[in-house]
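Here's the structure, in structure tokens; my notes come after.
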Amino acid sequence: MTGSSSASTNESHSETSSLKSESFLEGKDTEGVVETGCLSIVVLGASGDLAKKKTFPALFHLFQQGFLQPREVYIFGYARTKLSDDGLRDRIRGHLGGAKGDSEHVSKFLQLIKYVSGSYDDGEGFQLLDKEISEHEISKNSQEGSSRRLFYLALPPSVYPSVCKMIRHFCMNRSDQGGWTRIVVEKPFGKDLGSAEELSTQLGELFEEPQIYRIDHYLGKELVQNLLVLRFANRFFLPLWNRDNIDNIQIVFREDFGTEGRGGYFDEYGIIRDIIQNHLLQVLCLVAMEKPVSLKPEHIRDEKVKVLQSVLPIAMEDVVLGQYEGYKDDQTVSDNSNTPTFATVVLRIHNERWEGVPFILKAGKALNSRKAEIRVQFKDVPGDIFKCKKQGRNEFVIRLQPSEAMYMKLTVKKPGLDMSTIQSELDLSYGQRYQGVKIPEAYERLILDTIRGDQQHFVRRDELKAAWEIFTPLLHRIDDGEQKPLPYRPGSRGPVEADELLAKAGYVQTHGYIWVPPSL
């Protein structure tokens, strides 16, 4: 089954459902549209860290802004832990981040939450969950089949098949009256191509593709969502965005701390599976894709798949791996661990637009700074009459986090009587330009998209397969010990060899220029 597979019965009225959902979410009545049934949001793994720190706070912020109306929404937590309703509410209360004086919102939100305890592979718990959901739907006078059920799996992927089987057998919307059942699954979607395809097949036997939302929270970040607008709504980018003008593109993720208690989990996956194969590769797709036919989710995802299918196999000489000194001191990490905590990988796209332009994906832990950014470096100016080449090239930088910003590095005349040049920037820093505007958290936006039935910012099955096809050979070489990480000092830039690979790929580092976020 592929991303273009036909919608299931529950999704057959998807356009109508989407319109109804938007009407409900915006608190408006849409003339001529039958009122939608109530919405039940089920958070599976409700007692875990992800649910407590990300999922429930995102739901609270949607509630706080009026996107979730108490008259129609109810939230169910499900996990193995024995807890009361109040027990779960107490666990998440401190993570909701309500402003001072906002205790009323917090209290009202917590009253929407009910807890059900049960196993992930036994029907009894899910029958009880279905009973609680049905009672909520009846209390809201929902017509059978018109209600909406959203299941958020804040769980390890190992239990996805059993949980989805239980949902399919016991918790589905009864019939098609404009309602739906949707499943949200978190990464990692497998560990390589084989395991990812096995997982996709297991889920695909239970749900149709339009019901499955594979969430990658990077696709919900404000500046990632801005990429298509920047590229296709601004005339001056159109002729520049190609191999004739761009020398290289970097997509970077840096953390200034190590695994911090997650050593055992991280050691099973490593930095490529954890960050590069999903987050950074998704950003690459948006940077490199062609203009879609429209903004319909399938048209956008079609173009992303074409990019992934155009990526050439990764050469060993285009990879530098690192592992920070002290990583193996964690008792949960094997003394013989070959897991990289740092990687620089050069990808090459074999198509008309990008032939010869290296895409450098770089991610690492325990480095000298914390940031995520896209850095587009342009080629040198031909016939440099100002002799300013040594000062650095033009760059367009999109700072994803922290201090969201985008800026263009330019060479300008240095103020004064001499005709000398200096590097400066055209700067759009969000904190300064959009003062008082709340930038939504990625999870808020993506959960809202799920309710609205918009799959634009979610990973389709064929997209997932193409992504794993790129990285699986490299990952197997690492797993088999054929490619080993180099040691690097915590607080450094990573292995020196990584900077040498950057230079070999054509990146020219600017010396003497540092971008400073403008103060308010």
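Residue numbering restarts at 1 for every chain of the structure tokens, chains are lettered A, B, ... in their displayed order, and ligands are numbered from 1 as they appear.
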Give the helix (DSSP H, G or I) residues of segment 49-199 of chain A, as DSSP finds them on the backbone, and put them as a ChimeraX atom specification. /A:49-64,85-93,103-110,123-139,157-170,193-199
Tell me which protein, DNA and RNA residues are within 9 Å of segment 356-368 of chain A, counting only C-alpha atoms, leaving out same-chain ones fewer than 2 positions away, and put them as a CSV table (one decimal) with N, CA and C atoms, in the first residue's frame.
chain,number,residue,atom,x,y,z
A,242,ASN,N,19.4,27.4,-7.4
A,242,ASN,CA,19.8,26.3,-8.3
A,242,ASN,C,21.3,26.2,-8.3
A,243,ARG,N,21.8,25.2,-9.1
A,243,ARG,CA,23.3,24.9,-9.1
A,243,ARG,C,24.1,26.0,-9.8
A,246,ILE,N,24.2,28.5,-6.4
A,246,ILE,CA,24.4,28.0,-5.0
A,246,ILE,C,25.6,27.0,-5.1
A,247,ASP,N,26.6,27.2,-4.2
A,247,ASP,CA,27.7,26.3,-4.1
A,247,ASP,C,27.5,25.1,-3.2
A,248,ASN,N,26.9,25.3,-2.1
A,248,ASN,CA,26.6,24.2,-1.2
A,248,ASN,C,25.5,24.6,-0.2
A,249,ILE,N,24.9,23.6,0.4
A,249,ILE,CA,23.8,23.8,1.4
A,249,ILE,C,24.1,23.0,2.6
A,250,GLN,N,24.1,23.6,3.8
A,250,GLN,CA,24.3,22.9,5.1
A,250,GLN,C,22.9,22.9,5.8
A,251,ILE,N,22.6,21.7,6.4
A,251,ILE,CA,21.5,21.6,7.3
A,251,ILE,C,22.1,21.1,8.6
A,252,VAL,N,22.0,21.9,9.7
A,252,VAL,CA,22.8,21.6,10.9
A,252,VAL,C,21.9,21.5,12.1
A,253,PHE,N,22.3,20.5,13.0
A,253,PHE,CA,21.6,20.4,14.3
A,253,PHE,C,22.8,20.2,15.3
A,254,ARG,N,22.8,21.1,16.3
A,254,ARG,CA,23.9,21.0,17.3
A,254,ARG,C,23.3,21.1,18.7
A,255,GLU,N,23.8,20.2,19.6
A,255,GLU,CA,23.4,20.3,21.0
A,255,GLU,C,24.7,20.5,21.8
A,256,ASP,N,24.6,21.2,22.9
A,256,ASP,CA,25.7,21.5,23.7
A,256,ASP,C,25.7,20.6,25.0
A,257,PHE,N,24.9,19.5,24.9
A,257,PHE,CA,24.9,18.6,26.0
A,257,PHE,C,24.9,17.1,25.5
A,258,GLY,N,25.2,16.2,26.3
A,258,GLY,CA,25.3,14.8,25.9
A,258,GLY,C,24.0,14.1,26.0
A,259,THR,N,24.0,12.8,26.2
A,259,THR,CA,22.8,12.0,26.3
A,259,THR,C,22.0,12.1,27.6
A,271,ILE,N,23.0,9.0,16.3
A,271,ILE,CA,22.6,10.4,15.9
A,271,ILE,C,22.0,10.3,14.5
A,272,ILE,N,22.4,9.4,13.6
A,272,ILE,CA,21.8,9.4,12.3
A,272,ILE,C,20.4,9.0,12.3
A,275,ILE,N,18.3,11.9,14.4
A,275,ILE,CA,18.2,13.2,13.9
A,275,ILE,C,18.3,13.3,12.4
A,276,ILE,N,19.3,12.7,11.8
A,276,ILE,CA,19.6,13.0,10.4
A,276,ILE,C,18.6,12.4,9.4
A,280,LEU,N,16.5,16.2,9.7
A,280,LEU,CA,17.3,16.9,8.7
A,280,LEU,C,16.9,16.6,7.3
A,281,LEU,N,16.6,15.3,7.0
A,281,LEU,CA,16.3,14.9,5.7
A,281,LEU,C,14.9,15.5,5.3
A,284,LEU,N,15.7,18.9,4.2
A,284,LEU,CA,16.4,18.9,2.9
A,284,LEU,C,15.3,18.8,1.8
A,322,GLY,N,31.6,10.7,14.7
A,322,GLY,CA,32.3,11.0,15.9
A,322,GLY,C,31.5,10.5,17.1
A,323,GLN,N,32.3,10.3,18.2
A,323,GLN,CA,31.7,9.9,19.5
A,323,GLN,C,32.4,10.7,20.6
A,324,TYR,N,31.7,11.5,21.4
A,324,TYR,CA,32.4,12.3,22.3
A,324,TYR,C,33.0,11.5,23.4
A,340,PRO,N,27.6,6.4,16.8
A,340,PRO,CA,28.0,7.8,16.7
A,340,PRO,C,27.1,8.8,17.4
A,341,THR,N,27.8,9.8,18.1
A,341,THR,CA,27.0,10.9,18.7
A,341,THR,C,27.2,12.1,17.8
A,342,PHE,N,27.9,12.0,16.7
A,342,PHE,CA,28.2,13.1,15.8
A,342,PHE,C,28.3,12.5,14.4
A,343,ALA,N,27.7,13.2,13.4
A,343,ALA,CA,27.9,12.7,12.0
A,343,ALA,C,27.8,13.9,11.1
A,344,THR,N,28.7,13.9,10.1
A,344,THR,CA,28.5,14.8,8.9
A,344,THR,C,28.4,13.9,7.7
A,345,VAL,N,27.3,14.1,7.0
A,345,VAL,CA,27.1,13.3,5.8
A,345,VAL,C,26.8,14.2,4.6
A,346,VAL,N,27.5,14.0,3.5
A,346,VAL,CA,27.3,14.8,2.3
A,346,VAL,C,26.4,14.0,1.3
A,347,LEU,N,25.2,14.6,1.0
A,347,LEU,CA,24.3,14.0,0.1
A,347,LEU,C,24.4,14.7,-1.2
A,348,ARG,N,24.2,14.0,-2.3
A,348,ARG,CA,24.2,14.6,-3.7
A,348,ARG,C,23.0,14.2,-4.4
A,349,ILE,N,22.3,15.2,-5.0
A,349,ILE,CA,21.0,15.0,-5.6
A,349,ILE,C,21.3,15.0,-7.1
A,350,HIS,N,20.9,14.0,-7.8
A,350,HIS,CA,21.1,13.8,-9.2
A,350,HIS,C,19.9,14.3,-10.0
A,353,ARG,N,18.3,20.6,-11.3
A,353,ARG,CA,18.5,21.7,-10.5
A,353,ARG,C,19.7,21.6,-9.6
A,354,TRP,N,20.0,20.4,-9.1
A,354,TRP,CA,21.0,20.4,-8.0
A,354,TRP,C,22.2,19.6,-8.3
A,370,ARG,N,24.4,25.3,20.8
A,370,ARG,CA,23.1,24.7,20.5
A,370,ARG,C,22.4,25.5,19.5
A,372,ALA,N,19.9,24.9,15.5
A,372,ALA,CA,19.5,24.2,14.3
A,372,ALA,C,19.3,25.2,13.2
A,489,ARG,N,36.4,16.0,21.7
A,489,ARG,CA,36.3,16.5,23.0
A,489,ARG,C,34.9,17.2,23.2
A,490,PRO,N,34.2,16.9,24.3
A,490,PRO,CA,33.0,17.6,24.6
A,490,PRO,C,33.2,19.1,24.6
A,491,GLY,N,32.3,19.9,24.1
A,491,GLY,CA,32.5,21.3,24.0
A,491,GLY,C,33.2,21.8,22.8
A,492,SER,N,33.6,20.9,21.9
A,492,SER,CA,34.3,21.3,20.7
A,492,SER,C,33.4,21.4,19.5
A,493,ARG,N,33.9,21.6,18.3
A,493,ARG,CA,33.1,21.6,17.1
A,493,ARG,C,32.8,20.2,16.6
A,494,GLY,N,33.4,19.2,17.2
A,494,GLY,CA,33.3,17.8,16.7
A,494,GLY,C,34.7,17.4,16.1
A,498,ALA,N,35.7,16.4,10.3
A,498,ALA,CA,34.4,16.9,9.8
A,498,ALA,C,34.6,18.3,9.1
A,502,LEU,N,33.9,19.3,5.2
A,502,LEU,CA,33.2,20.5,4.7
A,502,LEU,C,34.0,21.3,3.7
A,505,ALA,N,34.0,19.6,0.4
A,505,ALA,CA,32.7,19.7,-0.2
A,505,ALA,C,32.5,21.1,-0.8
A,506,GLY,N,33.4,22.0,-0.5
A,506,GLY,CA,33.3,23.4,-1.1
A,506,GLY,C,32.9,24.5,-0.2
Would you please give, as a PDB file with N, CA, C and O atoms, in the first residue's frame, all residues of segment 403-495 of chain A that DSSP assigns to strand (DSSP E) based on the backbone?
ATOM      1  N   ALA A 405      15.155  33.111  13.226  1.00  0.00           N
ATOM      2  CA  ALA A 405      15.532  34.256  12.397  1.00  0.00           C
ATOM      3  C   ALA A 405      15.874  33.768  11.000  1.00  0.00           C
ATOM      4  O   ALA A 405      16.095  32.577  10.772  1.00  0.00           O
ATOM      5  N   MET A 406      15.892  34.699  10.067  1.00  0.00           N
ATOM      6  CA  MET A 406      16.505  34.433   8.771  1.00  0.00           C
ATOM      7  C   MET A 406      17.295  35.678   8.392  1.00  0.00           C
ATOM      8  O   MET A 406      16.851  36.801   8.639  1.00  0.00           O
ATOM      9  N   TYR A 407      18.491  35.472   7.865  1.00  0.00           N
ATOM     10  CA  TYR A 407      19.312  36.629   7.517  1.00  0.00           C
ATOM     11  C   TYR A 407      20.156  36.310   6.292  1.00  0.00           C
ATOM     12  O   TYR A 407      20.508  35.161   6.027  1.00  0.00           O
ATOM     13  N   MET A 408      20.447  37.350   5.530  1.00  0.00           N
ATOM     14  CA  MET A 408      21.263  37.246   4.325  1.00  0.00           C
ATOM     15  C   MET A 408      22.585  37.943   4.589  1.00  0.00           C
ATOM     16  O   MET A 408      22.620  39.138   4.902  1.00  0.00           O
ATOM     17  N   LYS A 409      23.675  37.182   4.468  1.00  0.00           N
ATOM     18  CA  LYS A 409      25.001  37.775   4.657  1.00  0.00           C
ATOM     19  C   LYS A 409      25.441  38.443   3.359  1.00  0.00           C
ATOM     20  O   LYS A 409      25.508  37.805   2.307  1.00  0.00           O
ATOM     21  N   LEU A 410      25.724  39.739   3.439  1.00  0.00           N
ATOM     22  CA  LEU A 410      26.094  40.534   2.271  1.00  0.00           C
ATOM     23  C   LEU A 410      27.434  41.214   2.490  1.00  0.00           C
ATOM     24  O   LEU A 410      27.822  41.504   3.624  1.00  0.00           O
ATOM     25  N   THR A 411      28.110  41.506   1.398  1.00  0.00           N
ATOM     26  CA  THR A 411      29.297  42.356   1.460  1.00  0.00           C
ATOM     27  C   THR A 411      28.859  43.784   1.159  1.00  0.00           C
ATOM     28  O   THR A 411      28.188  44.046   0.155  1.00  0.00           O
ATOM     29  N   VAL A 412      29.199  44.715   2.073  1.00  0.00           N
ATOM     30  CA  VAL A 412      28.803  46.120   1.911  1.00  0.00           C
ATOM     31  C   VAL A 412      30.023  47.016   2.138  1.00  0.00           C
ATOM     32  O   VAL A 412      31.065  46.558   2.623  1.00  0.00           O
ATOM     33  N   LYS A 413      29.883  48.276   1.771  1.00  0.00           N
ATOM     34  CA  LYS A 413      30.954  49.242   2.039  1.00  0.00           C
ATOM     35  C   LYS A 413      31.013  49.520   3.535  1.00  0.00           C
ATOM     36  O   LYS A 413      30.008  49.774   4.176  1.00  0.00           O
ATOM     37  N   THR A 421      35.515  47.147   2.278  1.00  0.00           N
ATOM     38  CA  THR A 421      34.289  46.349   2.391  1.00  0.00           C
ATOM     39  C   THR A 421      34.266  45.569   3.697  1.00  0.00           C
ATOM     40  O   THR A 421      35.290  45.317   4.326  1.00  0.00           O
ATOM     41  N   ILE A 422      33.050  45.179   4.066  1.00  0.00           N
ATOM     42  CA  ILE A 422      32.838  44.422   5.305  1.00  0.00           C
ATOM     43  C   ILE A 422      31.608  43.558   5.119  1.00  0.00           C
ATOM     44  O   ILE A 422      30.730  43.870   4.301  1.00  0.00           O
ATOM     45  N   GLN A 423      31.528  42.460   5.869  1.00  0.00           N
ATOM     46  CA  GLN A 423      30.326  41.627   5.800  1.00  0.00           C
ATOM     47  C   GLN A 423      29.303  42.109   6.812  1.00  0.00           C
ATOM     48  O   GLN A 423      29.615  42.381   7.971  1.00  0.00           O
ATOM     49  N   SER A 424      28.056  42.210   6.342  1.00  0.00           N
ATOM     50  CA  SER A 424      26.943  42.576   7.217  1.00  0.00           C
ATOM     51  C   SER A 424      25.760  41.683   6.847  1.00  0.00           C
ATOM     52  O   SER A 424      25.938  40.673   6.173  1.00  0.00           O
ATOM     53  N   GLU A 425      24.567  42.050   7.283  1.00  0.00           N
ATOM     54  CA  GLU A 425      23.429  41.182   7.016  1.00  0.00           C
ATOM     55  C   GLU A 425      22.121  41.973   6.888  1.00  0.00           C
ATOM     56  O   GLU A 425      21.979  43.065   7.426  1.00  0.00           O
ATOM     57  N   LEU A 426      21.221  41.425   6.106  1.00  0.00           N
ATOM     58  CA  LEU A 426      19.812  41.810   6.146  1.00  0.00           C
ATOM     59  C   LEU A 426      19.142  40.821   7.074  1.00  0.00           C
ATOM     60  O   LEU A 426      19.207  39.617   6.845  1.00  0.00           O
ATOM     61  N   ASP A 427      18.511  41.297   8.120  1.00  0.00           N
ATOM     62  CA  ASP A 427      18.121  40.418   9.215  1.00  0.00           C
ATOM     63  C   ASP A 427      16.626  40.499   9.495  1.00  0.00           C
ATOM     64  O   ASP A 427      16.072  41.583   9.675  1.00  0.00           O
ATOM     65  N   LEU A 428      15.969  39.340   9.533  1.00  0.00           N
ATOM     66  CA  LEU A 428      14.599  39.235  10.023  1.00  0.00           C
ATOM     67  C   LEU A 428      14.626  38.326  11.237  1.00  0.00           C
ATOM     68  O   LEU A 428      14.614  37.098  11.115  1.00  0.00           O
ATOM     69  N   SER A 429      14.723  38.924  12.406  1.00  0.00           N
ATOM     70  CA  SER A 429      14.699  38.159  13.654  1.00  0.00           C
ATOM     71  C   SER A 429      13.281  38.204  14.210  1.00  0.00           C
ATOM     72  O   SER A 429      12.728  39.281  14.429  1.00  0.00           O
ATOM     73  N   LEU A 486      35.063   8.746  15.223  1.00  0.00           N
ATOM     74  CA  LEU A 486      36.303   9.311  15.747  1.00  0.00           C
ATOM     75  C   LEU A 486      36.014   9.992  17.082  1.00  0.00           C
ATOM     76  O   LEU A 486      34.945  10.591  17.269  1.00  0.00           O
ATOM     77  N   PRO A 487      36.938   9.936  18.031  1.00  0.00           N
ATOM     78  CA  PRO A 487      36.705  10.608  19.317  1.00  0.00           C
ATOM     79  C   PRO A 487      36.796  12.133  19.163  1.00  0.00           C
ATOM     80  O   PRO A 487      37.567  12.640  18.340  1.00  0.00           O
ATOM     81  N   TYR A 488      35.966  12.861  19.917  1.00  0.00           N
ATOM     82  CA  TYR A 488      36.093  14.319  19.957  1.00  0.00           C
ATOM     83  C   TYR A 488      35.816  14.811  21.369  1.00  0.00           C
ATOM     84  O   TYR A 488      35.137  14.152  22.167  1.00  0.00           O
TER      85      TYR A 488
END
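Separating atom CA of His217 of chain A from atom CA of Ala442 of chain A is a distance of 5.6 Å.
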The residue from A:Tyr213, A:Glu205, A:Asp335, A:Pro292 with the smallest atom-to-atom distance to Asp267 of chain A, counting only C-alpha atoms, is A:Asp335
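In this comparison, which uses only C-alpha atoms, the residue of A:Gln432, A:Asp479, A:Asp318, A:Arg452 approaching Lys504 of chain A most closely is A:Asp318.
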Rank nothing, just name the residue among A:Asp499, A:Glu186, A:Glu137, A:Glu469 nearest to Tyr443 of chain A, using only C-alpha atoms. A:Glu186
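Coordinates place atom CA of Asp90 of chain A at a distance of 19.6 Å from atom CA of Pro70 of chain A.
The shortest atom-to-atom distance to Gly220 of chain A, with only C-alpha atoms taken into account, belongs to A:His279 out of A:Lys53, A:Lys379, A:Lys187, A:His279.
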Would you list the contacts of Val508 of chain A as an mmCIF file with N, CA and C atoms, in the first residue's frame, taking every protein, DNA or RNA residue within 9 Å and counting only C-alpha atoms, but skipping same-chain residues closer than 3 positions in sequence?
data_model
loop_
_atom_site.group_PDB
_atom_site.id
_atom_site.type_symbol
_atom_site.label_atom_id
_atom_site.label_comp_id
_atom_site.auth_asym_id
_atom_site.auth_seq_id
_atom_site.Cartn_x
_atom_site.Cartn_y
_atom_site.Cartn_z
ATOM 1 N N GLN A 377 24.974 28.578 0.936
ATOM 2 C CA GLN A 377 26.145 29.379 0.569
ATOM 3 C C GLN A 377 26.215 29.524 -0.952
ATOM 4 N N GLY A 392 34.500 36.338 2.697
ATOM 5 C CA GLY A 392 33.454 35.318 2.761
ATOM 6 C C GLY A 392 32.415 35.497 1.673
ATOM 7 N N ARG A 393 31.633 34.457 1.493
ATOM 8 C CA ARG A 393 30.621 34.439 0.455
ATOM 9 C C ARG A 393 29.269 34.935 0.974
ATOM 10 N N LEU A 502 33.941 19.339 5.160
ATOM 11 C CA LEU A 502 33.211 20.537 4.731
ATOM 12 C C LEU A 502 34.004 21.299 3.681
ATOM 13 N N ALA A 503 35.271 21.492 3.943
ATOM 14 C CA ALA A 503 36.124 22.226 2.997
ATOM 15 C C ALA A 503 36.234 21.475 1.676
#
Which of these, A:Leu62, A:Leu228, A:Cys164, A:Val459, has the shortest distance to Arg445 of chain A once you count only C-alpha atoms? A:Leu62
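What separates atom CA of Asp302 of chain A from atom CA of Phe67 of chain A is a distance of 29.6 Å.
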